[in-house]
Each structure stands twice: as C-alpha cells, then as structure tokens.
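Engineer: model-v2.pdb is the file, holding PDB, C-alpha atoms:
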ATOM      1  CA  MET P 339       0.198   7.410  48.666
ATOM      2  CA  LYS P 340      -2.547   9.867  47.943
ATOM      3  CA  LEU P 341      -4.810  10.873  50.803
ATOM      4  CA  ASP P 342      -8.418   9.749  50.364
ATOM      5  CA  SER P 343     -10.420  12.392  52.179
ATOM      6  CA  PRO P 344     -13.505  14.456  51.298
ATOM      7  CA  SER P 345     -12.147  17.463  53.219
ATOM      8  CA  PRO P 346      -9.717  19.938  51.617
ATOM      9  CA  VAL P 347      -6.021  19.241  51.980
ATOM     10  CA  VAL P 348      -5.434  22.957  52.665
ATOM     11  CA  ARG P 349      -7.971  25.589  53.671
ATOM     12  CA  PHE P 350      -7.330  29.304  54.275
ATOM     13  CA  SER P 351     -10.147  31.364  55.804
ATOM     14  CA  GLU P 352      -9.825  35.161  56.056
ATOM     15  CA  VAL P 353      -6.052  34.894  56.556
ATOM     16  CA  ASN P 354      -3.939  38.021  57.007
ATOM     17  CA  PHE P 355      -0.180  38.119  57.531
ATOM     18  CA  ALA P 356       2.372  40.855  58.204
ATOM     19  CA  TYR P 357       6.024  40.713  59.206
ATOM     20  CA  GLU P 358       7.419  42.602  62.200
ATOM     21  CA  ASP P 359       7.791  45.811  60.193
ATOM     22  CA  GLY P 360       3.995  45.968  60.100
ATOM     23  CA  ILE P 361       3.724  45.877  56.314
ATOM     24  CA  THR P 362       0.902  43.555  55.276
ATOM     25  CA  VAL P 363       2.128  40.796  52.949
ATOM     26  CA  LEU P 364      -1.073  38.759  52.574
ATOM     27  CA  GLU P 365      -4.555  40.168  52.976
ATOM     28  CA  ASN P 366      -7.901  38.391  53.291
ATOM     29  CA  ILE P 367      -6.717  35.092  51.780
ATOM     30  CA  ASN P 368      -9.417  32.484  51.150
ATOM     31  CA  PHE P 369      -8.884  29.273  49.201
ATOM     32  CA  SER P 370      -9.104  25.493  49.407
ATOM     33  CA  LEU P 371      -6.813  22.894  47.868
ATOM     34  CA  GLU P 372      -8.569  19.622  47.193
ATOM     35  CA  THR P 373      -7.168  16.107  47.270
ATOM     36  CA  GLY P 374      -5.435  15.220  43.992
ATOM     37  CA  GLU P 375      -5.073  18.854  42.931
ATOM     38  CA  PHE P 376      -2.092  20.121  40.957
ATOM     39  CA  ALA P 377      -2.099  23.864  41.524
ATOM     40  CA  CYS P 378       0.456  26.565  40.839
ATOM     41  CA  ILE P 379       1.081  29.859  42.619
ATOM     42  CA  VAL P 380       2.164  32.757  40.397
ATOM     43  CA  GLY P 381       2.774  36.414  41.126
ATOM     44  CA  PRO P 382       5.428  39.136  41.266
ATOM     45  CA  ASN P 383       8.500  38.952  43.471
ATOM     46  CA  GLY P 384       7.589  40.002  46.986
ATOM     47  CA  GLY P 385       3.918  39.294  46.349
ATOM     48  CA  GLY P 386       3.656  36.685  49.111
ATOM     49  CA  LYS P 387       4.106  33.384  47.281
ATOM     50  CA  THR P 388       6.791  31.861  49.527
ATOM     51  CA  THR P 389       5.088  33.343  52.590
ATOM     52  CA  LEU P 390       1.967  31.386  51.639
ATOM     53  CA  LEU P 391       3.959  28.128  51.617
ATOM     54  CA  LYS P 392       5.560  28.935  54.986
ATOM     55  CA  LEU P 393       2.120  29.492  56.494
ATOM     56  CA  ILE P 394       1.039  26.062  55.235
ATOM     57  CA  LEU P 395       4.167  24.541  56.793
ATOM     58  CA  GLY P 396       3.522  26.257  60.115
ATOM     59  CA  LEU P 397       6.850  28.134  59.910
ATOM     60  CA  LEU P 398       4.896  31.390  60.092
ATOM     61  CA  LYS P 399       1.636  32.207  61.855
ATOM     62  CA  PRO P 400      -1.094  34.514  60.531
ATOM     63  CA  ILE P 401      -2.049  37.629  62.456
ATOM     64  CA  SER P 402      -5.701  36.722  61.899
ATOM     65  CA  GLY P 403      -7.825  34.086  60.212
ATOM     66  CA  SER P 404      -7.497  30.311  60.254
ATOM     67  CA  ILE P 405      -5.478  27.716  58.336
ATOM     68  CA  SER P 406      -6.191  23.994  58.186
ATOM     69  CA  VAL P 407      -3.763  21.487  56.655
ATOM     70  CA  LEU P 408      -4.894  17.864  56.370
ATOM     71  CA  GLY P 409      -7.561  18.630  58.967
ATOM     72  CA  LYS P 410      -4.991  19.888  61.502
ATOM     73  CA  SER P 411      -3.221  23.085  62.426
ATOM     74  CA  PRO P 412      -0.217  23.625  60.100
ATOM     75  CA  GLY P 413       2.378  22.869  62.776
ATOM     76  CA  ASN P 414       0.826  19.465  63.444
ATOM     77  CA  ALA P 415       0.729  18.413  59.780
ATOM     78  CA  GLN P 416       4.408  18.786  58.878
ATOM     79  CA  ALA P 417       5.116  15.035  58.956
ATOM     80  CA  LYS P 418       2.698  14.579  56.049
ATOM     81  CA  ILE P 419       4.130  17.386  53.905
ATOM     82  CA  GLY P 420       7.016  17.021  51.466
ATOM     83  CA  TYR P 421       8.725  20.383  50.974
ATOM     84  CA  VAL P 422      11.323  21.457  48.423
ATOM     85  CA  PRO P 423      12.491  25.000  49.287
ATOM     86  CA  GLN P 424      13.531  27.586  46.747
ATOM     87  CA  PHE P 425      17.188  27.481  47.695
ATOM     88  CA  SER P 426      18.788  24.385  49.133
ATOM     89  CA  LYS P 427      22.571  24.484  49.331
ATOM     90  CA  PHE P 428      24.999  21.742  50.272
ATOM     91  CA  ASP P 429      28.695  22.147  50.918
ATOM     92  CA  ALA P 430      30.304  20.780  47.748
ATOM     93  CA  ALA P 431      33.205  19.442  49.831
ATOM     94  CA  PHE P 432      30.943  17.438  52.129
ATOM     95  CA  PRO P 433      31.172  13.762  51.076
ATOM     96  CA  VAL P 434      27.497  12.846  51.147
ATOM     97  CA  LYS P 435      25.984  10.268  48.819
ATOM     98  CA  VAL P 436      22.774  10.794  46.881
ATOM     99  CA  LEU P 437      21.035   8.090  48.900
ATOM    100  CA  ASP P 438      22.006   9.833  52.151
ATOM    101  CA  VAL P 439      20.477  13.092  50.945
ATOM    102  CA  VAL P 440      17.198  11.384  50.079
ATOM    103  CA  LEU P 441      17.123   9.571  53.432
ATOM    104  CA  MET P 442      17.224  12.949  55.181
ATOM    105  CA  GLY P 443      13.531  13.046  54.385
ATOM    106  CA  CYS P 444      13.078  10.267  56.961
ATOM    107  CA  LEU P 445      14.725  12.137  59.835
ATOM    108  CA  GLN P 446      11.441  13.348  61.275
ATOM    109  CA  HIS P 447      10.401   9.715  61.641
ATOM    110  CA  SER P 448      11.951   7.342  64.154
ATOM    111  CA  PHE P 449      14.717   4.991  63.086
ATOM    112  CA  PHE P 450      16.492   2.287  65.036
ATOM    113  CA  TRP P 451      19.749   3.127  66.822
ATOM    114  CA  GLY P 452      20.809   5.752  64.306
ATOM    115  CA  ARG P 453      20.268   3.448  61.357
ATOM    116  CA  TYR P 454      17.651   3.640  58.675
ATOM    117  CA  SER P 455      15.423   0.619  58.275
ATOM    118  CA  GLU P 456      15.451  -1.557  55.181
ATOM    119  CA  ASP P 457      11.991  -0.239  54.400
ATOM    120  CA  GLN P 458      13.192   3.381  54.519
ATOM    121  CA  ILE P 459      16.161   2.582  52.266
ATOM    122  CA  ALA P 460      13.850   0.814  49.825
ATOM    123  CA  LYS P 461      11.534   3.844  49.792
ATOM    124  CA  ALA P 462      14.515   6.131  49.135
ATOM    125  CA  ARG P 463      15.568   4.010  46.151
ATOM    126  CA  SER P 464      11.996   4.008  44.882
ATOM    127  CA  ALA P 465      11.801   7.792  45.243
ATOM    128  CA  LEU P 466      15.004   8.200  43.219
ATOM    129  CA  ALA P 467      13.548   6.003  40.494
ATOM    130  CA  ALA P 468      10.356   8.084  40.522
ATOM    131  CA  VAL P 469      12.324  11.266  39.786
ATOM    132  CA  GLY P 470      14.465   9.688  37.092
ATOM    133  CA  LEU P 471      17.632   8.963  39.077
ATOM    134  CA  PRO P 472      17.779   5.173  39.330
ATOM    135  CA  GLY P 473      21.269   3.843  39.938
ATOM    136  CA  LYS P 474      22.553   7.135  41.377
ATOM    137  CA  GLU P 475      22.263   6.052  45.025
ATOM    138  CA  GLU P 476      25.999   5.667  45.695
ATOM    139  CA  GLN P 477      27.121   8.633  43.633
ATOM    140  CA  GLY P 478      28.374  11.743  45.429
ATOM    141  CA  PHE P 479      25.684  14.408  45.625
ATOM    142  CA  ALA P 480      28.177  17.154  44.717
ATOM    143  CA  SER P 481      28.955  15.414  41.416
ATOM    144  CA  LEU P 482      25.370  15.726  40.152
ATOM    145  CA  SER P 483      24.296  18.388  37.701
ATOM    146  CA  GLY P 484      22.039  21.198  38.900
ATOM    147  CA  GLY P 485      18.949  19.479  37.530
ATOM    148  CA  GLN P 486      19.927  16.121  39.029
ATOM    149  CA  LYS P 487      20.479  17.721  42.432
ATOM    150  CA  GLN P 488      17.011  19.224  42.252
ATOM    151  CA  ARG P 489      15.555  15.814  41.367
ATOM    152  CA  ALA P 490      17.331  14.281  44.368
ATOM    153  CA  LEU P 491      15.849  16.958  46.644
ATOM    154  CA  ILE P 492      12.401  16.215  45.252
ATOM    155  CA  ALA P 493      13.034  12.523  46.015
ATOM    156  CA  ARG P 494      13.902  13.598  49.568
ATOM    157  CA  ALA P 495      10.460  15.208  49.792
ATOM    158  CA  LEU P 496       8.770  12.041  48.485
ATOM    159  CA  VAL P 497      10.448   9.469  50.710
ATOM    160  CA  SER P 498       8.183   9.980  53.719
ATOM    161  CA  ASP P 499       5.000   9.239  51.700
ATOM    162  CA  PRO P 500       3.572  12.754  52.092
ATOM    163  CA  HIS P 501      -0.046  13.624  51.456
ATOM    164  CA  LEU P 502       0.935  17.049  50.129
ATOM    165  CA  ILE P 503       4.018  18.235  48.212
ATOM    166  CA  LEU P 504       5.047  21.904  48.286
ATOM    167  CA  LEU P 505       7.544  23.047  45.635
ATOM    168  CA  ASP P 506       9.024  26.552  45.712
ATOM    169  CA  GLU P 507      10.273  27.364  42.193
ATOM    170  CA  PRO P 508      11.648  23.852  41.638
ATOM    171  CA  THR P 509      13.012  24.596  38.141
ATOM    172  CA  ALA P 510      14.905  27.786  39.040
ATOM    173  CA  SER P 511      18.296  26.126  38.445
ATOM    174  CA  VAL P 512      17.203  23.981  35.492
ATOM    175  CA  ASP P 513      17.739  24.818  31.814
ATOM    176  CA  VAL P 514      14.873  25.170  29.334
ATOM    177  CA  ALA P 515      15.067  21.611  28.001
ATOM    178  CA  GLY P 516      15.189  20.227  31.529
ATOM    179  CA  THR P 517      12.273  22.382  32.650
ATOM    180  CA  GLU P 518       9.825  20.616  30.349
ATOM    181  CA  GLN P 519      11.059  17.241  31.612
ATOM    182  CA  PHE P 520      10.478  18.419  35.174
ATOM    183  CA  TYR P 521       6.895  19.406  34.489
ATOM    184  CA  ASN P 522       6.257  16.068  32.804
ATOM    185  CA  MET P 523       7.590  14.433  35.972
ATOM    186  CA  PHE P 524       5.298  16.562  38.153
ATOM    187  CA  GLU P 525       2.314  15.450  36.070
ATOM    188  CA  GLU P 526       3.220  11.817  36.786
ATOM    189  CA  LEU P 527       3.737  12.496  40.495
ATOM    190  CA  ASN P 528       0.332  14.148  40.618
ATOM    191  CA  GLN P 529      -1.195  10.709  40.047
ATOM    192  CA  ARG P 530      -0.058   9.906  43.611
ATOM    193  CA  PHE P 531       0.266  13.228  45.391
ATOM    194  CA  THR P 532      -1.506  16.541  45.831
ATOM    195  CA  ILE P 533       0.906  19.222  44.597
ATOM    196  CA  LEU P 534       1.120  22.964  45.221
ATOM    197  CA  MET P 535       3.966  24.692  43.397
ATOM    198  CA  VAL P 536       5.359  28.212  43.087
ATOM    199  CA  SER P 537       6.561  28.987  39.568
ATOM    200  CA  HIS P 538       7.222  31.785  37.096
ATOM    201  CA  ASP P 539       7.184  29.353  34.160
ATOM    202  CA  VAL P 540       3.744  30.385  32.967
ATOM    203  CA  GLY P 541       4.285  28.999  29.477
ATOM    204  CA  PHE P 542       5.102  25.564  30.867
ATOM    205  CA  ILE P 543       2.460  25.290  33.575
ATOM    206  CA  SER P 544      -0.558  26.484  31.588
ATOM    207  CA  GLY P 545      -1.137  23.103  29.936
ATOM    208  CA  ARG P 546      -0.372  20.964  32.974
ATOM    209  CA  VAL P 547      -1.828  22.316  36.205
ATOM    210  CA  LYS P 548      -5.509  22.291  37.072
ATOM    211  CA  SER P 549      -5.725  25.732  38.657
ATOM    212  CA  VAL P 550      -3.595  28.810  39.184
ATOM    213  CA  LEU P 551      -3.425  30.867  42.375
ATOM    214  CA  CYS P 552      -2.460  34.440  41.506
ATOM    215  CA  VAL P 553      -0.913  36.092  44.566
ATOM    216  CA  ARG P 554      -0.184  39.781  44.881
ATOM    217  CA  LYS P 555      -1.008  40.546  48.519
ATOM    218  CA  THR P 556      -4.503  39.259  47.807
ATOM    219  CA  LEU P 557      -5.285  35.974  46.059
ATOM    220  CA  GLN P 558      -7.368  35.113  43.021
ATOM    221  CA  ILE P 559      -7.941  31.584  41.726
ATOM    222  CA  HIS P 560      -8.144  31.020  37.983
ATOM    223  CA  PRO P 561      -8.932  27.802  36.133
ATOM    224  CA  VAL P 562      -6.260  27.248  33.502
ATOM    225  CA  SER P 563      -8.811  27.943  30.768
ATOM    226  CA  GLU P 564      -9.168  31.493  32.132
ATOM    227  CA  LEU P 565      -5.424  32.160  32.434
ATOM    228  CA  THR P 566      -5.111  35.026  29.968
ATOM    229  CA  GLY P 567      -2.578  37.788  29.535
ATOM    230  CA  GLU P 568      -5.112  40.239  30.938
ATOM    231  CA  ALA P 569      -5.589  38.143  34.083
ATOM    232  CA  LEU P 570      -1.841  37.962  34.636
ATOM    233  CA  GLN P 571      -1.430  41.672  33.936
ATOM    234  CA  ASN P 572      -3.711  42.410  36.868
ATOM    235  CA  ILE P 573      -1.359  40.417  39.085
ATOM    236  CA  TYR P 574       2.081  41.304  37.733
ATOM    237  CA  GLY P 575       1.225  44.912  36.932
ATOM    238  CA  VAL P 576       2.916  44.765  33.510
ATOM    239  CA  ASP P 577       1.902  43.919  29.972
ATOM    240  CA  VAL P 578       1.846  40.123  30.035
ATOM    241  CA  LYS P 579       1.294  37.583  27.296
ATOM    242  CA  LEU P 580       1.270  33.827  27.514
ATOM    243  CA  ILE P 581       4.159  32.628  25.364
ATOM    244  CA  ARG P 582       4.450  29.064  24.146
ATOM    245  CA  HIS P 583       7.485  27.376  25.692
ATOM    246  CA  ASP P 584       9.029  26.638  22.301
ATOM    247  CA  HIS P 585       9.033  30.315  21.281
ATOM    248  CA  ARG P 586      11.416  32.999  22.400
ATOM    249  CA  CYS P 587      10.234  36.375  23.593
ATOM    250  CA  SER P 588      12.067  39.635  23.079
ATOM    251  CA  GLU P 589       9.233  42.034  23.832
ATOM    252  CA  LYS P 590       9.849  44.187  26.881
ATOM    253  CA  GLY P 591       7.584  43.465  29.817
ATOM    254  CA  HIS P 592       6.316  40.130  28.562
ATOM    255  CA  ILE P 593       6.685  37.037  30.707
ATOM    256  CA  CYS P 594       8.528  34.261  28.939
ATOM    257  CA  PRO P 595      10.026  31.130  30.478
ATOM    258  CA  HIS P 596      13.188  31.683  28.456
ATOM    259  CA  SER P 597      13.819  35.217  29.716
TER     260      SER P 597
END
Show me the file's structure as structure tokens.

Structural biologist:
Amino acid sequence: MKLDSPSPVVRFSEVNFAYEDGITVLENINFSLETGEFACIVGPNGGGKTTLLKLILGLLKPISGSISVLGKSPGNAQAKIGYVPQFSKFDAAFPVKVLDVVLMGCLQHSFFWGRYSEDQIAKARSALAAVGLPGKEEQGFASLSGGQKQRALIARALVSDPHLILLDEPTASVDVAGTEQFYNMFEELNQRFTILMVSHDVGFISGRVKSVLCVRKTLQIHPVSELTGEALQNIYGVDVKLIRHDHRCSEKGHICPHS
C-alpha cells in the first residue's frame, strides 16, 4: 500500500560518505524522493550508486550530513523498505520452494510459533501474482529461470507491504526481451509503491521513470525530458548516446542496453 504523506519518502541533506580507506565515495549529496515517485539511479561503476542504497537502508552511515527515510533515521525504517540486492544467490541444491523464498520477506515481522500466518501466506501468493508468477508457489526455486528467480525475489520484497522499494540492477541477469517486460512490471508496481532503482538500461528507463539521479561522487537530478547524451556524458565520462531499446549499438563508447 502506498504511503500517503506530504513529507519526502527519502531526504539527503549535505551527505558525505567515505570508506575506511579515506577515499570519498559520495560528496555533498542533496535530494528528496517524493511519495509515488519512480526514480532511477545511473552512473559509472564505482560511482556510488549501491552505496547510496545502503545509506538509505541504514547499512552504512554517512561521515557527515543527515538522512531521513519515511520520517525516521534509516536504521529505524527498514521494516517499511523492500530491498532487492544486486546479487542474491541461493544454493541450487537447497530444496526450497518459491513460496518459502517469498515468505522470507516476512521474517522481520513476528509470526506464531515458527509458522507463517494465513494472512502472510495469502500476501505471498498475491505478491507472486503481482510479479507474474501465479501458480509457481510449490515449484522448487532452483528450477526457475534467471528471470523468474528475479521476479520471485521482487515478490519477496513486496510481501511486507513496504512504503519504499529499492532495486539494485534488477535486470542484470535478464535477457533483452525479458528486460522490457520487467520495466512494464515496475510501471504497474509504481501505482502502489514508491520505487528507487539502480540501472544501466538507459534506453529502457528513459520512457518509464519520472526522474533520473546521476551519481558520480556527486549527484545531479534530471527530469527524463532533460536526459540527453550530453548530460550522461558528464556523468559517465565517455561519449554517450541514448539508444532506442529495439536498436543495436556497435559504436565504441556508447551506452546501449544490448551491449
């Protein structure tokens, strides 16, 4: 259920972050994410995209500045955040069902004597339907395709009725045809949830998200209408062109979702 609140879902004010080696990863970050937003973070590898998500989750703490998530400190808002990490690996030999994987999203909430409630199981089934996996509840998770596994992990993030969904490159293991289906699904989910997503699929996101956060140590926010090759070149540091997702790109240095 979407959060009805006039205050931003996420707010960064003068945030700086560095790891123990002392190298600054994020510098003077200021932005707000409003309720109902569908925003995407883009930028070069090592530019600070995943670090930004971990700060929102409270897994990392800034060296200066302030962060507010759902009106609380990040560590106190985790129960209302659905998170799909960049890499999520399961032992293929572990006999876990798809429904069990989705129900893992309920573990931070209480359940009776080690059993999930009927309501939680119903929500898990509903979440699987929402991501296009109805009827897969009893199937072994290891038997799913890469794209189906990713959908199940997104369902796991949905099952706790979060107010914010964080997705870290959710289509990294999905083929080109499946990628477009994923972004169509995210558009539908955005009717219920505020979404912040890391992605390199510039050609896919440009017609779907409402704003783009370009991160390369610092952060710049661009409305989609202003997302030009020149704007991306300033972030990626290479010659960048927006390529339609149904075209292939063979030009060196150009960003293309098929490359």

Engineer: Any idea what's packed within 9 Å of Leu441 of chain P, counting all atoms listed in the file, ignoring anything in its chain fewer than 2 positions away? Could you give it as a PDB file with C-alpha atoms, in the coordinates of the input?

Structural biologist:
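Result written to part_27.pdb:
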ATOM      1  CA  VAL P 436      22.774  10.794  46.881  1.00  0.00           C
ATOM      2  CA  LEU P 437      21.035   8.090  48.900  1.00  0.00           C
ATOM      3  CA  ASP P 438      22.006   9.833  52.151  1.00  0.00           C
ATOM      4  CA  VAL P 439      20.477  13.092  50.945  1.00  0.00           C
ATOM      5  CA  GLY P 443      13.531  13.046  54.385  1.00  0.00           C
ATOM      6  CA  CYS P 444      13.078  10.267  56.961  1.00  0.00           C
ATOM      7  CA  LEU P 445      14.725  12.137  59.835  1.00  0.00           C
ATOM      8  CA  TYR P 454      17.651   3.640  58.675  1.00  0.00           C
ATOM      9  CA  GLN P 458      13.192   3.381  54.519  1.00  0.00           C
ATOM     10  CA  ILE P 459      16.161   2.582  52.266  1.00  0.00           C
ATOM     11  CA  LYS P 461      11.534   3.844  49.792  1.00  0.00           C
ATOM     12  CA  ALA P 462      14.515   6.131  49.135  1.00  0.00           C
ATOM     13  CA  ALA P 493      13.034  12.523  46.015  1.00  0.00           C
ATOM     14  CA  ARG P 494      13.902  13.598  49.568  1.00  0.00           C
ATOM     15  CA  VAL P 497      10.448   9.469  50.710  1.00  0.00           C
ATOM     16  CA  SER P 498       8.183   9.980  53.719  1.00  0.00           C
TER      17      SER P 498
END

Engineer: Set the distance at 10 Å and use all atoms listed in the file: which residues neighbour Asn414 of chain P once local chain neighbours fewer than 5 positions away are removed? I'd like the list as a short mmCIF file (atom, residue, chain, number, x, y, z; two decimals) with C-alpha atoms, in the frame of the given file.

Structural biologist:
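File written: selection_0.cif
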data_model
loop_
_atom_site.label_atom_id
_atom_site.label_comp_id
_atom_site.auth_asym_id
_atom_site.auth_seq_id
_atom_site.Cartn_x
_atom_site.Cartn_y
_atom_site.Cartn_z
CA LEU P 395 4.17 24.54 56.79
CA GLY P 396 3.52 26.26 60.12
CA SER P 406 -6.19 23.99 58.19
CA VAL P 407 -3.76 21.49 56.66
CA LEU P 408 -4.89 17.86 56.37
CA GLY P 409 -7.56 18.63 58.97
#

Engineer: Report, in Å with one decimal, the straight-line distance from atom CA of Val469 of chain P to atom CA of Thr388 of chain P.

Structural biologist: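 Answer for the atom CA of Val469 of chain P to atom CA of Thr388 of chain P separation: 23.4 Å.
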
Engineer: List as a VMD selection string the protein and nucleic acid residues near Cys378 of chain P, meaning an atom at most 8 Å away when all atoms listed in the file are counted, but skip any in the same chain fewer than 3 places from it.

Structural biologist: chain P and resid 534 to 537 543 547 549 to 551

Engineer: Any chance you could resolve the PyMOL selection byres ((chain P and resi 556) around 6) against this file and give the residues as a ChimeraX atom specification?

Structural biologist: /P:364-365,553-555,557

Engineer: Quick one: everything within 7 Å of Gly420 of chain P, counting only C-alpha atoms, minus sequence neighbours fewer than 5 positions away in the same chain. Send it as a PDB file with C-alpha atoms, in the frame of the given file.

Structural biologist:
ATOM      1  CA  ALA P 495      10.460  15.208  49.792  1.00  0.00           C
ATOM      2  CA  LEU P 496       8.770  12.041  48.485  1.00  0.00           C
ATOM      3  CA  PRO P 500       3.572  12.754  52.092  1.00  0.00           C
ATOM      4  CA  LEU P 502       0.935  17.049  50.129  1.00  0.00           C
ATOM      5  CA  ILE P 503       4.018  18.235  48.212  1.00  0.00           C
ATOM      6  CA  LEU P 504       5.047  21.904  48.286  1.00  0.00           C
TER       7      LEU P 504
END

Engineer: Within 12 Å of (2.8, 29.9, 61.0) (coordinates as in the file), grab all the protein and nucleic acid residues, counting all atoms listed in the file, and write them out as number ranges by chain.

Structural biologist: P: 353-357, 389-407, 411-416

Engineer: Please determine, counting all atoms listed in the file, which residue among P:Asp539, P:Glu526, P:Glu475, P:Asp499 has the shortest atom-to-atom distance to Arg463 of chain P.

Structural biologist: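 Closest to Arg463 of chain P, using all atoms listed in the file: P:Glu475.
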
Engineer: Take the PyMOL selection byres ((chain P and resi 517) around 12), run it mentally on this structure, and tell me the resulting residues as a ChimeraX atom specification.

Structural biologist: /P:484-486,488-489,507-516,518-524,537-543,583-584,595-596

Engineer: Could you check how far atom CA of Phe376 of chain P sits from atom CA of Pro423 of chain P, in Å to one decimal?

Structural biologist: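 Going from atom CA of Phe376 of chain P over to atom CA of Pro423 of chain P covers 17.5 Å.
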
Engineer: Identify, on the basis of only C-alpha atoms, every residue whose closest approach to Gly374 of chain P does not exceed 8 Å; exclude the query and any residue fewer than 5 positions from it along the same chain; express the result as a tab-separated table (two decimals) with C-alpha atoms, keeping the file's coordinate frame.

Structural biologist:
chain	number	residue	atom	x	y	z
P	340	LYS	CA	-2.55	9.87	47.94
P	528	ASN	CA	0.33	14.15	40.62
P	529	GLN	CA	-1.20	10.71	40.05
P	530	ARG	CA	-0.06	9.91	43.61
P	531	PHE	CA	0.27	13.23	45.39
P	532	THR	CA	-1.51	16.54	45.83
P	533	ILE	CA	0.91	19.22	44.60

Engineer: Can you translate the PyMOL selection byres ((chain P and resi 435) around 12) into the concrete residues it hits in this file, as a list in words?

Structural biologist: Phe428, Ala430, Ala431, Phe432, Pro433, Val434, Val436, Leu437, Asp438, Val439, Val440, Leu441, Met442, Gly473, Lys474, Glu475, Glu476, Gln477, Gly478, Phe479, Ala480, Ser481, Leu482, Lys487 and Ala490 of chain P

Engineer: Keeping only C-alpha atoms, take the residues you just selected and write them out as a compact mmCIF listing (two decimals), in the coordinates of the input.

Structural biologist:
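Saved file again_31.txt follows:
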# COMPACT_ATOMS: atom_id res chain seq x y z
CA PHE P 428 25.00 21.74 50.27
CA ALA P 430 30.30 20.78 47.75
CA ALA P 431 33.20 19.44 49.83
CA PHE P 432 30.94 17.44 52.13
CA PRO P 433 31.17 13.76 51.08
CA VAL P 434 27.50 12.85 51.15
CA VAL P 436 22.77 10.79 46.88
CA LEU P 437 21.04 8.09 48.90
CA ASP P 438 22.01 9.83 52.15
CA VAL P 439 20.48 13.09 50.94
CA VAL P 440 17.20 11.38 50.08
CA LEU P 441 17.12 9.57 53.43
CA MET P 442 17.22 12.95 55.18
CA GLY P 473 21.27 3.84 39.94
CA LYS P 474 22.55 7.14 41.38
CA GLU P 475 22.26 6.05 45.02
CA GLU P 476 26.00 5.67 45.70
CA GLN P 477 27.12 8.63 43.63
CA GLY P 478 28.37 11.74 45.43
CA PHE P 479 25.68 14.41 45.62
CA ALA P 480 28.18 17.15 44.72
CA SER P 481 28.96 15.41 41.42
CA LEU P 482 25.37 15.73 40.15
CA LYS P 487 20.48 17.72 42.43
CA ALA P 490 17.33 14.28 44.37

Engineer: To one decimal in Å, tell me the separation between atom CA of His560 of chain P and atom CA of Val363 of chain P.

Structural biologist: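 Those two atoms sit 20.6 Å apart.
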
Engineer: Could you tell me which of P:Val422, P:Val380, P:Leu527, P:Ala460 comes closest to Leu491 of chain P if we count all atoms listed in the file?

Structural biologist: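 Ranked by minimum distance to Leu491 of chain P, first place goes to P:Val422.
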